[in-house]
$ cat coords-v9.cif   # mmCIF, C-alpha atoms
data_work
#
loop_
_atom_site.label_atom_id
_atom_site.label_comp_id
_atom_site.auth_asym_id
_atom_site.auth_seq_id
_atom_site.Cartn_x
_atom_site.Cartn_y
_atom_site.Cartn_z
CA MET M 26 -19.01 -20.60 -11.40
CA ASN M 27 -20.96 -19.28 -8.44
CA ALA M 28 -20.72 -15.69 -7.29
CA GLU M 29 -19.04 -16.54 -4.01
CA GLN M 30 -16.24 -18.48 -5.73
CA THR M 31 -15.75 -15.69 -8.26
CA LEU M 32 -15.31 -13.22 -5.46
CA ILE M 33 -12.79 -15.43 -3.64
CA ASP M 34 -10.78 -16.11 -6.80
CA TYR M 35 -10.75 -12.48 -7.78
CA THR M 36 -9.74 -11.32 -4.29
CA LEU M 37 -6.88 -13.84 -4.21
CA ARG M 38 -5.55 -12.55 -7.52
CA LEU M 39 -5.45 -9.03 -6.14
CA ALA M 40 -3.84 -10.28 -2.95
CA ASP M 41 -1.20 -12.33 -4.79
CA ASN M 42 -0.28 -9.37 -7.00
CA ALA M 43 0.19 -7.17 -3.95
CA LEU M 44 2.19 -9.79 -2.04
CA ILE M 45 4.51 -10.81 -4.86
CA LEU M 46 5.34 -7.24 -5.89
CA GLY M 47 5.74 -6.34 -2.22
CA GLN M 48 8.14 -9.26 -1.72
CA ARG M 49 10.19 -8.30 -4.80
CA MET M 50 10.54 -4.83 -3.28
CA VAL M 51 11.50 -6.26 0.09
CA GLU M 52 14.36 -8.05 -1.71
CA ASN M 53 15.63 -4.62 -2.74
CA VAL M 54 15.67 -3.19 0.75
CA ALA M 55 19.20 -1.92 1.50
CA ALA M 56 20.17 -2.18 -2.17
CA TRP M 57 18.99 1.14 -3.58
CA PRO M 58 21.37 3.86 -4.78
CA GLU M 59 20.37 6.59 -2.35
CA LEU M 60 18.72 6.90 1.02
CA GLU M 61 15.60 8.68 -0.26
CA GLU M 62 14.88 5.90 -2.74
CA GLU M 63 15.62 3.33 -0.10
CA LEU M 64 12.86 4.84 2.03
CA ALA M 65 10.52 5.11 -0.93
CA ASN M 66 11.04 1.46 -1.82
CA ALA M 67 10.50 0.25 1.72
CA ASN M 68 7.37 2.38 2.03
CA PHE M 69 5.99 1.04 -1.24
CA ALA M 70 6.64 -2.50 -0.10
CA LEU M 71 4.84 -1.83 3.14
CA ASP M 72 1.79 -0.48 1.32
CA PHE M 73 1.65 -3.61 -0.81
CA LEU M 74 2.06 -5.95 2.14
CA GLY M 75 -0.70 -4.08 3.94
CA GLN M 76 -3.01 -4.42 0.94
CA ALA M 77 -2.14 -8.10 0.62
CA ARG M 78 -2.97 -8.70 4.27
CA MET M 79 -6.39 -7.08 4.02
CA LEU M 80 -7.17 -9.01 0.84
CA TYR M 81 -6.00 -12.40 2.16
CA SER M 82 -7.94 -11.92 5.38
CA TYR M 83 -11.03 -11.13 3.36
CA ALA M 84 -10.52 -14.15 1.07
CA GLY M 85 -10.15 -16.34 4.16
CA GLU M 86 -13.35 -14.96 5.62
CA LEU M 87 -15.25 -15.57 2.38
CA GLU M 88 -13.87 -19.06 2.04
CA GLY M 89 -14.86 -19.93 5.60
CA LYS M 90 -12.36 -22.75 6.05
CA GLY M 91 -10.35 -20.97 8.70
CA ARG M 92 -7.40 -20.10 6.47
CA SER M 93 -5.54 -17.05 7.74
CA GLU M 94 -3.62 -14.43 5.77
CA ASP M 95 -0.41 -16.27 6.67
CA ASP M 96 -1.79 -19.59 5.42
CA PHE M 97 -2.42 -18.03 2.02
CA ALA M 98 0.96 -16.31 1.86
CA TYR M 99 3.19 -19.02 3.28
CA LEU M 100 1.53 -22.36 2.77
CA ARG M 101 0.62 -22.38 -0.89
CA ASP M 102 2.80 -23.60 -3.75
CA GLU M 103 3.60 -21.81 -7.00
CA HIS M 104 0.70 -23.22 -8.99
CA GLU M 105 -1.74 -21.89 -6.40
CA PHE M 106 -0.54 -18.30 -6.79
CA ARG M 107 -2.51 -16.13 -9.18
CA ASN M 108 -0.32 -13.07 -9.59
CA VAL M 109 0.51 -11.78 -13.05
CA LEU M 110 3.87 -12.86 -14.52
CA LEU M 111 5.15 -9.28 -14.71
CA LEU M 112 5.45 -9.01 -10.94
CA GLU M 113 7.48 -12.15 -10.33
CA GLN M 114 10.18 -11.13 -12.82
CA PRO M 115 13.60 -10.75 -11.20
CA ASN M 116 14.55 -7.37 -9.83
CA GLY M 117 17.40 -6.60 -12.21
CA HIS M 118 18.77 -3.09 -11.74
CA PHE M 119 17.06 0.04 -10.43
CA GLY M 120 15.57 0.85 -13.84
CA ASP M 121 14.20 -2.67 -14.31
CA ALA M 122 12.45 -2.66 -10.95
CA LEU M 123 11.15 0.85 -11.54
CA VAL M 124 9.71 0.02 -14.96
CA ARG M 125 8.10 -3.19 -13.69
CA GLN M 126 6.44 -1.30 -10.84
CA TYR M 127 5.37 1.62 -12.99
CA LEU M 128 3.81 -0.50 -15.76
CA PHE M 129 1.88 -2.51 -13.21
CA GLU M 130 0.70 0.38 -11.09
CA ALA M 131 -0.31 2.47 -14.10
CA ALA M 132 -2.89 -0.29 -14.70
CA TYR M 133 -3.56 -1.09 -11.03
CA VAL M 134 -4.59 2.47 -10.29
CA HIS M 135 -7.39 2.20 -12.88
CA ILE M 136 -8.37 -1.28 -11.69
CA LEU M 137 -8.68 0.10 -8.16
CA GLY M 138 -10.65 3.05 -9.50
CA ALA M 139 -13.21 0.61 -10.90
CA LEU M 140 -13.16 -1.52 -7.74
CA VAL M 141 -14.05 1.48 -5.58
CA GLU M 142 -17.35 1.49 -7.52
CA CYS M 143 -17.90 -2.28 -7.47
CA ARG M 144 -20.83 -3.95 -5.74
CA ASP M 145 -18.81 -5.78 -3.11
CA GLU M 146 -18.63 -3.51 -0.10
CA GLN M 147 -15.41 -4.86 1.39
CA LEU M 148 -13.41 -4.88 -1.86
CA SER M 149 -14.66 -1.39 -2.54
CA ALA M 150 -13.45 -0.28 0.90
CA ILE M 151 -10.04 -1.92 0.45
CA ALA M 152 -9.71 -0.33 -2.99
CA ALA M 153 -10.63 3.10 -1.62
CA ARG M 154 -7.85 2.74 0.94
CA ALA M 155 -5.30 1.37 -1.55
CA ILE M 156 -5.92 3.79 -4.40
CA LYS M 157 -4.61 6.74 -2.42
CA GLU M 158 -1.35 4.91 -1.86
CA VAL M 159 -1.08 3.75 -5.45
CA GLN M 160 -1.69 7.24 -6.85
CA TYR M 161 1.22 8.44 -4.76
CA HIS M 162 3.42 5.59 -6.04
CA VAL M 163 2.56 6.27 -9.67
CA ARG M 164 3.46 9.92 -9.28
CA HIS M 165 6.83 8.90 -7.90
CA THR M 166 7.67 6.17 -10.41
CA SER M 167 6.55 8.19 -13.43
CA LYS M 168 8.84 11.04 -12.35
CA TRP M 169 11.72 8.60 -12.11
CA LEU M 170 10.99 7.10 -15.50
CA ILE M 171 11.09 10.58 -17.00
CA ARG M 172 14.30 11.41 -15.16
CA LEU M 173 16.05 8.25 -16.35
CA GLY M 174 14.70 8.34 -19.90
CA ASP M 175 15.42 12.03 -20.37
CA GLY M 176 18.68 11.73 -18.44
CA THR M 177 22.06 10.65 -19.69
CA GLU M 178 22.69 8.54 -22.74
CA LEU M 179 23.48 5.60 -20.50
CA SER M 180 20.38 5.93 -18.31
CA GLN M 181 18.22 6.29 -21.41
CA THR M 182 19.68 3.21 -23.08
CA ARG M 183 19.31 1.12 -19.97
CA VAL M 184 15.76 2.12 -19.10
CA GLN M 185 14.68 1.71 -22.73
CA GLN M 186 16.03 -1.83 -22.50
CA SER M 187 14.07 -2.35 -19.25
CA LEU M 188 10.88 -1.36 -21.08
CA HIS M 189 11.62 -3.82 -23.88
CA ASP M 190 12.47 -6.61 -21.46
CA VAL M 191 9.17 -6.63 -19.60
CA TRP M 192 6.81 -5.38 -22.29
CA ARG M 193 5.76 -8.91 -23.19
CA PHE M 194 4.31 -9.32 -19.70
CA THR M 195 2.01 -6.31 -19.92
CA GLY M 196 -0.63 -8.00 -22.08
CA GLU M 197 -1.61 -10.29 -19.24
CA LEU M 198 -2.76 -7.31 -17.18
CA PHE M 199 -5.64 -6.82 -19.60
CA ALA M 200 -6.28 -10.38 -20.81
CA ALA M 201 -9.72 -11.00 -19.32
CA ASP M 202 -10.48 -14.64 -18.52
CA ASP M 203 -13.61 -16.29 -17.06
CA ILE M 204 -12.95 -14.97 -13.58
CA ASP M 205 -12.43 -11.38 -14.74
CA ILE M 206 -15.57 -11.53 -16.87
CA ALA M 207 -17.66 -13.14 -14.14
CA PHE M 208 -16.42 -10.60 -11.62
CA GLN M 209 -17.26 -7.76 -13.96
CA GLU M 210 -20.74 -9.10 -14.68
CA THR M 211 -21.68 -10.13 -11.15
CA PHE M 212 -19.99 -7.45 -9.08
CA GLY M 213 -19.49 -4.54 -11.46
CA GLY M 214 -15.73 -5.06 -11.52
CA PRO M 215 -13.33 -3.43 -13.94
CA ASP M 216 -13.73 -3.70 -17.68
CA LEU M 217 -10.18 -4.65 -18.60
CA SER M 218 -10.41 -3.35 -22.15
CA ALA M 219 -11.35 0.08 -20.77
CA VAL M 220 -8.49 -0.17 -18.26
CA ALA M 221 -6.13 -1.08 -21.12
CA ALA M 222 -7.10 2.04 -23.05
CA LEU M 223 -6.55 4.30 -20.03
CA TRP M 224 -3.26 2.58 -19.27
CA ARG M 225 -1.99 3.00 -22.81
CA THR M 226 -2.80 6.72 -22.82
CA ASP M 227 -1.07 7.28 -19.48
CA VAL M 228 1.96 5.15 -20.30
CA ALA M 229 2.38 6.65 -23.77
CA ALA M 230 2.37 10.16 -22.27
CA VAL M 231 5.01 9.35 -19.65
CA VAL M 232 7.16 7.36 -22.09
CA SER M 233 7.04 10.19 -24.57
CA GLU M 234 7.97 12.79 -21.94
CA ALA M 235 10.80 10.48 -20.97
CA THR M 236 11.97 10.62 -24.62
CA LEU M 237 11.66 6.85 -24.75
CA VAL M 238 9.99 4.68 -27.34
CA LEU M 239 6.94 2.56 -26.60
CA PRO M 240 7.83 -1.03 -27.53
CA ASP M 241 5.74 -2.79 -30.17
CA ASP M 242 3.06 -5.16 -28.98
CA GLU M 243 4.39 -8.52 -30.03
CA TRP M 244 3.75 -11.88 -28.43
CA MET M 245 2.43 -11.52 -24.90
CA ALA M 246 3.15 -14.04 -22.16
CA THR M 247 0.16 -15.08 -20.06
CA GLY M 248 -0.64 -17.77 -17.52
CA GLY M 249 0.19 -16.27 -14.14
CA LYS M 250 -3.45 -15.50 -13.40
CA GLN M 251 -4.22 -19.17 -13.99
CA GLY M 252 -1.30 -20.42 -11.90
CA ARG M 253 1.18 -21.15 -14.71
CA HIS M 254 4.26 -19.28 -13.62
CA SER M 255 7.80 -18.62 -14.74
CA GLU M 256 10.58 -20.36 -12.83
CA HIS M 257 11.31 -17.14 -10.95
CA LEU M 258 8.30 -17.45 -8.67
CA GLY M 259 9.60 -20.69 -7.16
CA TYR M 260 12.81 -19.04 -5.97
CA LEU M 261 10.88 -16.09 -4.59
CA LEU M 262 8.54 -18.34 -2.61
CA ALA M 263 11.37 -20.56 -1.42
CA GLU M 264 12.95 -17.60 0.31
CA MET M 265 9.73 -15.97 1.48
CA GLN M 266 8.19 -19.16 2.83
CA TYR M 267 11.31 -20.69 4.34
CA LEU M 268 10.73 -19.73 7.94
CA PRO M 269 7.07 -20.69 8.36
CA ARG M 270 7.64 -23.92 6.39
CA SER M 271 10.70 -24.97 8.40
CA HIS M 272 9.40 -23.86 11.76
CA ALA M 273 5.67 -24.32 11.52
CA GLY M 274 3.74 -22.15 13.93
CA ALA M 275 6.79 -20.16 15.01
CA THR M 276 5.95 -16.90 16.76
CA TRP M 277 7.97 -14.09 18.27
CA MET A 4 -15.80 -2.86 36.76
CA VAL A 5 -18.90 -3.62 34.76
CA ALA A 6 -19.04 -1.88 31.44
CA SER A 7 -22.39 -0.26 32.14
CA ASP A 8 -20.74 1.90 34.82
CA ILE A 9 -18.52 3.50 32.22
CA SER A 10 -19.50 6.45 30.11
CA GLU A 11 -18.33 6.93 26.56
CA GLN A 12 -16.83 10.21 27.67
CA GLN A 13 -14.73 8.29 30.18
CA VAL A 14 -13.46 5.96 27.45
CA TYR A 15 -12.47 8.95 25.29
CA GLU A 16 -10.50 10.35 28.23
CA TRP A 17 -8.60 7.06 28.52
CA LEU A 18 -7.95 6.97 24.77
CA GLU A 19 -6.54 10.49 24.98
CA GLN A 20 -3.71 8.90 26.96
CA VAL A 21 -2.85 6.41 24.19
CA PRO A 22 -0.06 7.84 22.01
CA ASP A 23 0.64 7.11 18.38
CA PRO A 24 3.70 4.82 18.64
CA GLU A 25 5.53 6.49 15.78
CA ILE A 26 4.69 10.11 16.62
CA PRO A 27 4.22 9.86 20.37
CA VAL A 28 3.40 13.54 20.73
CA LEU A 29 0.03 12.75 19.14
CA SER A 30 -2.69 10.82 20.87
CA ILE A 31 -4.79 8.49 18.78
CA LEU A 32 -7.64 10.98 19.20
CA ASP A 33 -5.49 13.79 17.77
CA LEU A 34 -4.71 11.54 14.83
CA GLY A 35 -8.40 11.05 14.14
CA ILE A 36 -8.28 7.28 13.95
CA VAL A 37 -10.82 6.61 16.70
CA ARG A 38 -14.03 6.33 14.69
CA GLU A 39 -16.47 5.17 17.31
CA VAL A 40 -16.73 4.26 20.95
CA SER A 41 -19.71 2.37 22.26
CA VAL A 42 -20.47 1.02 25.67
CA ASP A 43 -23.02 -1.72 26.30
CA SER A 44 -22.17 -5.07 27.83
CA THR A 45 -18.57 -4.30 26.93
CA VAL A 46 -16.57 -1.45 25.48
CA THR A 47 -16.14 -1.38 21.72
CA VAL A 48 -13.61 0.91 20.05
CA SER A 49 -13.52 1.24 16.26
CA LEU A 50 -10.20 2.30 14.81
CA ALA A 51 -9.29 3.31 11.25
CA PRO A 52 -5.81 2.28 10.06
CA THR A 53 -3.87 5.14 8.46
CA TYR A 54 -1.99 3.36 5.66
CA SER A 55 -2.73 -0.22 4.54
CA GLY A 56 0.63 -1.46 5.73
CA CYS A 57 1.09 0.86 8.67
CA PRO A 58 3.07 -1.22 11.17
CA ALA A 59 1.64 0.90 13.97
CA THR A 60 -1.88 -0.45 13.41
CA GLU A 61 -1.37 -3.55 15.52
CA ALA A 62 0.68 -1.70 18.12
CA ILE A 63 -2.12 0.83 18.50
CA GLU A 64 -4.75 -1.87 18.82
CA SER A 65 -2.82 -3.55 21.58
CA SER A 66 -2.19 -0.25 23.38
CA VAL A 67 -5.91 0.48 23.31
CA ARG A 68 -6.67 -2.98 24.62
CA ARG A 69 -4.10 -2.51 27.38
CA ALA A 70 -5.39 0.95 28.31
CA LEU A 71 -8.91 -0.40 28.67
CA HIS A 72 -7.68 -3.40 30.66
CA ASP A 73 -5.82 -1.07 32.99
CA HIS A 74 -9.09 0.69 33.67
CA GLY A 75 -10.80 -2.55 34.48
CA VAL A 76 -12.52 -3.34 31.19
CA GLU A 77 -12.28 -7.11 30.99
CA ALA A 78 -12.83 -7.94 27.34
CA PRO A 79 -12.87 -4.85 25.18
CA VAL A 80 -13.68 -5.24 21.49
CA ILE A 81 -11.35 -3.49 19.07
CA LYS A 82 -12.75 -3.16 15.58
CA ARG A 83 -10.80 -2.19 12.49
CA VAL A 84 -12.82 -0.10 10.07
CA ILE A 85 -11.37 0.71 6.68
CA SER A 86 -14.34 2.51 5.17
CA PRO A 87 -14.40 5.43 4.78
CA PRO A 88 -10.60 5.48 4.49
CA TRP A 89 -8.67 7.56 6.98
CA THR A 90 -7.54 10.93 5.69
CA THR A 91 -5.21 13.54 7.14
CA ASP A 92 -8.27 15.83 7.24
CA TRP A 93 -9.24 13.89 10.37
CA ILE A 94 -6.20 15.07 12.30
CA THR A 95 -7.61 17.50 14.82
CA ARG A 96 -6.69 21.17 15.13
CA ARG A 97 -4.94 20.35 18.38
CA GLY A 98 -3.12 17.48 16.67
CA ARG A 99 -1.86 19.85 13.98
CA GLN A 100 -0.67 22.28 16.62
CA LYS A 101 1.19 19.49 18.45
CA LEU A 102 2.83 18.29 15.23
CA HIS A 103 4.04 21.80 14.51
CA GLU A 104 5.48 22.22 18.01
CA TYR A 105 7.15 18.82 17.71
CA GLY A 106 8.92 19.95 14.53
CA ILE A 107 6.78 18.11 11.97
CA ALA A 108 5.01 20.30 9.42
CA PRO A 109 1.31 19.36 9.58
CA PRO A 110 -0.52 18.26 6.42
CA GLN A 111 -1.99 21.04 4.32
CA LYS A 112 -3.56 21.50 0.92
CA SER A 113 -1.29 24.35 -0.14
CA LEU A 114 2.08 23.48 -1.64
CA GLU A 115 3.83 26.15 0.40
CA ILE A 116 5.07 24.25 3.40
CA ALA A 117 6.26 26.43 6.26
CA CYS A 118 9.39 25.39 8.13
CA PRO A 119 8.28 24.29 11.61
CA GLN A 120 11.50 25.77 13.07
CA CYS A 121 11.60 29.28 11.60
CA SER A 122 8.26 29.52 9.74
CA SER A 123 10.00 30.43 6.48
CA LEU A 124 8.19 29.46 3.30
CA GLN A 125 11.52 29.05 1.51
CA THR A 126 11.43 25.28 1.80
CA GLU A 127 12.06 22.41 -0.59
CA LEU A 128 11.18 18.77 -0.92
CA VAL A 129 14.08 16.38 -0.38
CA SER A 130 12.15 13.15 -0.74
CA GLU A 131 8.50 12.20 -0.96
CA PHE A 132 9.25 9.53 1.62
CA GLY A 133 10.54 9.72 5.14
CA SER A 134 11.04 7.71 8.28
CA THR A 135 7.44 6.48 8.21
CA ALA A 136 4.91 5.98 5.42
CA CYS A 137 3.00 9.10 6.45
CA LYS A 138 5.86 11.59 6.21
CA ALA A 139 7.99 13.25 3.52
CA SER A 140 11.44 14.79 4.02
CA TRP A 141 11.84 18.53 3.48
CA ARG A 142 14.44 21.16 4.25
CA CYS A 143 14.35 24.85 4.92
CA ARG A 144 16.46 27.05 2.68
CA ASP A 145 16.56 29.83 5.25
CA CYS A 146 17.49 28.12 8.51
CA LEU A 147 18.89 25.08 6.64
CA GLU A 148 17.23 22.66 9.03
CA PRO A 149 15.83 19.45 7.60
CA PHE A 150 12.31 18.66 8.76
CA GLU A 151 9.54 16.17 8.21
CA TYR A 152 6.22 16.99 6.60
CA PHE A 153 3.14 14.94 7.41
CA LYS A 154 1.85 14.13 3.94
CA CYS A 155 -1.63 15.06 2.92
CA LEU A 156 -3.63 11.90 2.25
#

$ encode --input "coords-v9.cif" --output "C-alpha cells"
Amino acid sequence: MNAEQTLIDYTLRLADNALILGQRMVENVAAWPELEEELANANFALDFLGQARMLYSYAGELEGKGRSEDDFAYLRDEHEFRNVLLLEQPNGHFGDALVRQYLFEAAYVHILGALVECRDEQLSAIAARAIKEVQYHVRHTSKWLIRLGDGTELSQTRVQQSLHDVWRFTGELFAADDIDIAFQETFGGPDLSAVAALWRTDVAAVVSEATLVLPDDEWMATGGKQGRHSEHLGYLLAEMQYLPRSHAGATW
Amino acid sequence: MVASDISEQQVYEWLEQVPDPEIPVLSILDLGIVREVSVDSTVTVSLAPTYSGCPATEAIESSVRRALHDHGVEAPVIKRVISPPWTTDWITRRGRQKLHEYGIAPPQKSLEIACPQCSSLQTELVSEFGSTACKASWRCRDCLEPFEYFKCL
C-alpha cells in the first residue's frame, strides 16, 4: 500500500466516523428531554459535521479525482463507508446515545491527541482544531454518565444496560488493521494499543464514579472499518442521502 | 480599481465593517479571525474558522467577498486557514468590551464569571451550551437575569 493511499483511507475513516455520529445526533434534534441538552446535542452534531467536512474535503484533494465533500457523504453506498460499528448503532434512549458518544469520544480524544503530533500537516491541523471541541464534549458526557449512574435506581439500571448493550462494539476502536499500522508507521499516527490503555483508564474512572460496573470484555464485533456494516447503517444512509440522490445537483 | 492601488490598511478598514453574523456587535477583526491580508495582483484575506462546524464560516466568507467587491476588488481570494486553530485569546480587547456592553460575558480564564448586567460575581452555569456553539448559558443570582457567556476555547 502506498503512502498516499494510506493517507486517503485513514482520512476517510476519520471523516466517516464524524459524519455518521453527527448524523445520529441530528436524528435526535428536537427529541431531547430538556432545552439545555437539546442545545448541547445540536452543538455536538455541528462540531462533528464540521470535522467531517474538513476531512472529506482533504480526502478529495488527496485523491485528485474531483470528488467533493458532498460526493463522499451522499453518493457512496454502505460498503464504502469506513466508520466503526459503534457509531451507526440506533439511538435508543437518552442514556444509550450518551453512552455511545462517551465511549467513542473517550477514545477519539486520545486518537486526536496523537494526530496533532503526526507527520501529515493537514491532518495535524484538523486534529488540533477538533480536539478542543472533543475535550469539551467528553467533559459534558462524562458528567452526564456520572449523574445517571449515580442517580436514581431506574437511571442506574438503564444506563448500566446501555453500557452492556454497546460494549461489544468498543473493541473495534482499538483493533488495528493494515491501514492503521501503515498510517502509524508512515505518518506517526496513533498507536491504538496505547490509546486503548488510556481509554480504559479514563472510562474505568468515570464508570466507577458513576457507581456503574465495567462490562466484561467478551466477543467484540468488528468490520465497520473495512466496510462490513450492521443493517442499521443502510437505514441511516437512506434517510441522509435521500435528497441528493433523488434530486441530483439540487441547490438552494 | 486595480489591486495595487489599495493598501493593506485600507483592506483592514473595510473588514472592520464586516460583522460576525451571529454576534453582529463584533466585527470579524474584533473576533480575531482575520489572520492575514495581502495585496499584490489581487487582495487575499486569510480567515480562521472558529469552530469546525460553525455555520457562520461560509456566511463570513461571502460577506468578506461582498465587502471587497463593493470596494471595487474584482476577484478577491478568501483563504481558510485552520492552523494554528482559532482561540478566544484572539478576541481583541475592544471585542471583549463590545461583548460586555452587548450583554455577553467575554471569555476569561477565571471561573468567576461576572454578570454583564450588574457585575455581580454571584453567577451560575445553566448549561454549557447556548444559542451558538461558542456560548454557554449562565444566570445571575443577584439580578436574576440570564445571560450568555462566550466560552473560553

$ closest_residue --input "coords-v9.cif" --among "M:Ala155, M:Gly214, M:Thr166, M:Glu264" --to "Val51 (chain M)" --atoms "all atoms listed in the file"
M:Glu264

$ resolve_selection --input "coords-v9.cif" --expression "the PyMOL selection byres ((chain M) within 9 of (chain A))" --output "ChimeraX atom specification"
/M:61-62,64-79,147,149-151,153-155,157-158,165

$ atom_distance --input "coords-v9.cif" --atom1 "CA of Ser65 (chain A)" --atom2 "CA of Ser30 (chain A)"
14.4 Å

$ atom_distance --input "coords-v9.cif" --atom1 "CA of Glu88 (chain M)" --atom2 "CA of Glu105 (chain M)"
15.0 Å

$ residues_around --input "coords-v9.cif" --residues "region 271-275 of chain M" --least-positions-apart "4" --cutoff "10 Å" --atoms "only C-alpha atoms" --output "PDB file with C-alpha atoms, keeping the file's coordinate frame"
ATOM      1  CA  LEU M 100       1.530 -22.360   2.770  1.00  0.00           C
ATOM      2  CA  GLN M 266       8.190 -19.160   2.830  1.00  0.00           C
ATOM      3  CA  TYR M 267      11.310 -20.690   4.340  1.00  0.00           C
TER       4      TYR M 267
END

$ closest_atom_pairs --input "coords-v9.cif" --of "region 96-173 of chain M" --to "region 221-244 of chain M" --cutoff "6 Å" --atoms "only C-alpha atoms" --output "tab-separated table"
residue	atom	partner	partner_atom	distance
M:Ala131	CA	M:Trp224	CA	6.0
M:Ala132	CA	M:Trp224	CA	5.4
M:Ile171	CA	M:Ala235	CA	4.0

$ residues_around --input "coords-v9.cif" --residues "Pro119 (chain A)" --least-positions-apart "2" --cutoff "10 Å" --atoms "all atoms listed in the file" --output "count of residues only"
20

$ resolve_selection --input "coords-v9.cif" --expression "the PyMOL selection byres ((chain M and resi 53) around 10)" --output "tab-separated table (two decimals) with C-alpha atoms, keeping the file's coordinate frame"
chain	number	residue	atom	x	y	z
M	48	GLN	CA	8.14	-9.26	-1.72
M	49	ARG	CA	10.19	-8.30	-4.80
M	50	MET	CA	10.54	-4.83	-3.28
M	51	VAL	CA	11.50	-6.26	0.09
M	52	GLU	CA	14.36	-8.05	-1.71
M	54	VAL	CA	15.67	-3.19	0.75
M	55	ALA	CA	19.20	-1.92	1.50
M	56	ALA	CA	20.17	-2.18	-2.17
M	57	TRP	CA	18.99	1.14	-3.58
M	63	GLU	CA	15.62	3.33	-0.10
M	66	ASN	CA	11.04	1.46	-1.82
M	67	ALA	CA	10.50	0.25	1.72
M	70	ALA	CA	6.64	-2.50	-0.10
M	116	ASN	CA	14.55	-7.37	-9.83
M	117	GLY	CA	17.40	-6.60	-12.21
M	118	HIS	CA	18.77	-3.09	-11.74
M	119	PHE	CA	17.06	0.04	-10.43
M	122	ALA	CA	12.45	-2.66	-10.95

$ atom_distance --input "coords-v9.cif" --atom1 "CA of Ala246 (chain M)" --atom2 "CA of Val134 (chain M)"
21.8 Å

$ decode --input "coords-v9.cif" --residues "region 223-235 of chain M" --atoms "N, CA and C atoms" --output "short mmCIF file (atom, residue, chain, number, x, y, z; two decimals), in the first residue's frame"
data_model
loop_
_atom_site.label_atom_id
_atom_site.label_comp_id
_atom_site.auth_asym_id
_atom_site.auth_seq_id
_atom_site.Cartn_x
_atom_site.Cartn_y
_atom_site.Cartn_z
N LEU M 223 -5.10 4.14 27.57
CA LEU M 223 -5.56 5.43 28.09
C LEU M 223 -7.08 5.45 28.23
N TRP M 224 -7.73 4.91 27.21
CA TRP M 224 -9.20 4.87 27.18
C TRP M 224 -9.73 4.09 28.38
N ARG M 225 -9.12 2.93 28.60
CA ARG M 225 -9.60 2.05 29.67
C ARG M 225 -9.46 2.74 31.04
N THR M 226 -8.33 3.42 31.23
CA THR M 226 -8.14 4.13 32.50
C THR M 226 -9.20 5.21 32.68
N ASP M 227 -9.41 6.01 31.64
CA ASP M 227 -10.39 7.10 31.72
C ASP M 227 -11.79 6.55 31.95
N VAL M 228 -12.16 5.55 31.14
CA VAL M 228 -13.52 5.03 31.21
C VAL M 228 -13.76 4.35 32.56
N ALA M 229 -12.76 3.60 33.03
CA ALA M 229 -12.92 2.91 34.31
C ALA M 229 -13.14 3.93 35.43
N ALA M 230 -12.44 5.06 35.38
CA ALA M 230 -12.58 6.08 36.42
C ALA M 230 -13.99 6.67 36.41
N VAL M 231 -14.47 7.01 35.21
CA VAL M 231 -15.81 7.62 35.13
C VAL M 231 -16.88 6.61 35.51
N VAL M 232 -16.75 5.39 35.02
CA VAL M 232 -17.73 4.34 35.32
C VAL M 232 -17.77 4.07 36.82
N SER M 233 -16.60 4.08 37.44
CA SER M 233 -16.57 3.82 38.87
C SER M 233 -17.20 4.99 39.64
N GLU M 234 -16.90 6.22 39.23
CA GLU M 234 -17.54 7.36 39.90
C GLU M 234 -19.05 7.35 39.71
N ALA M 235 -19.45 6.79 38.58
CA ALA M 235 -20.88 6.70 38.28
C ALA M 235 -21.54 5.53 39.00
#
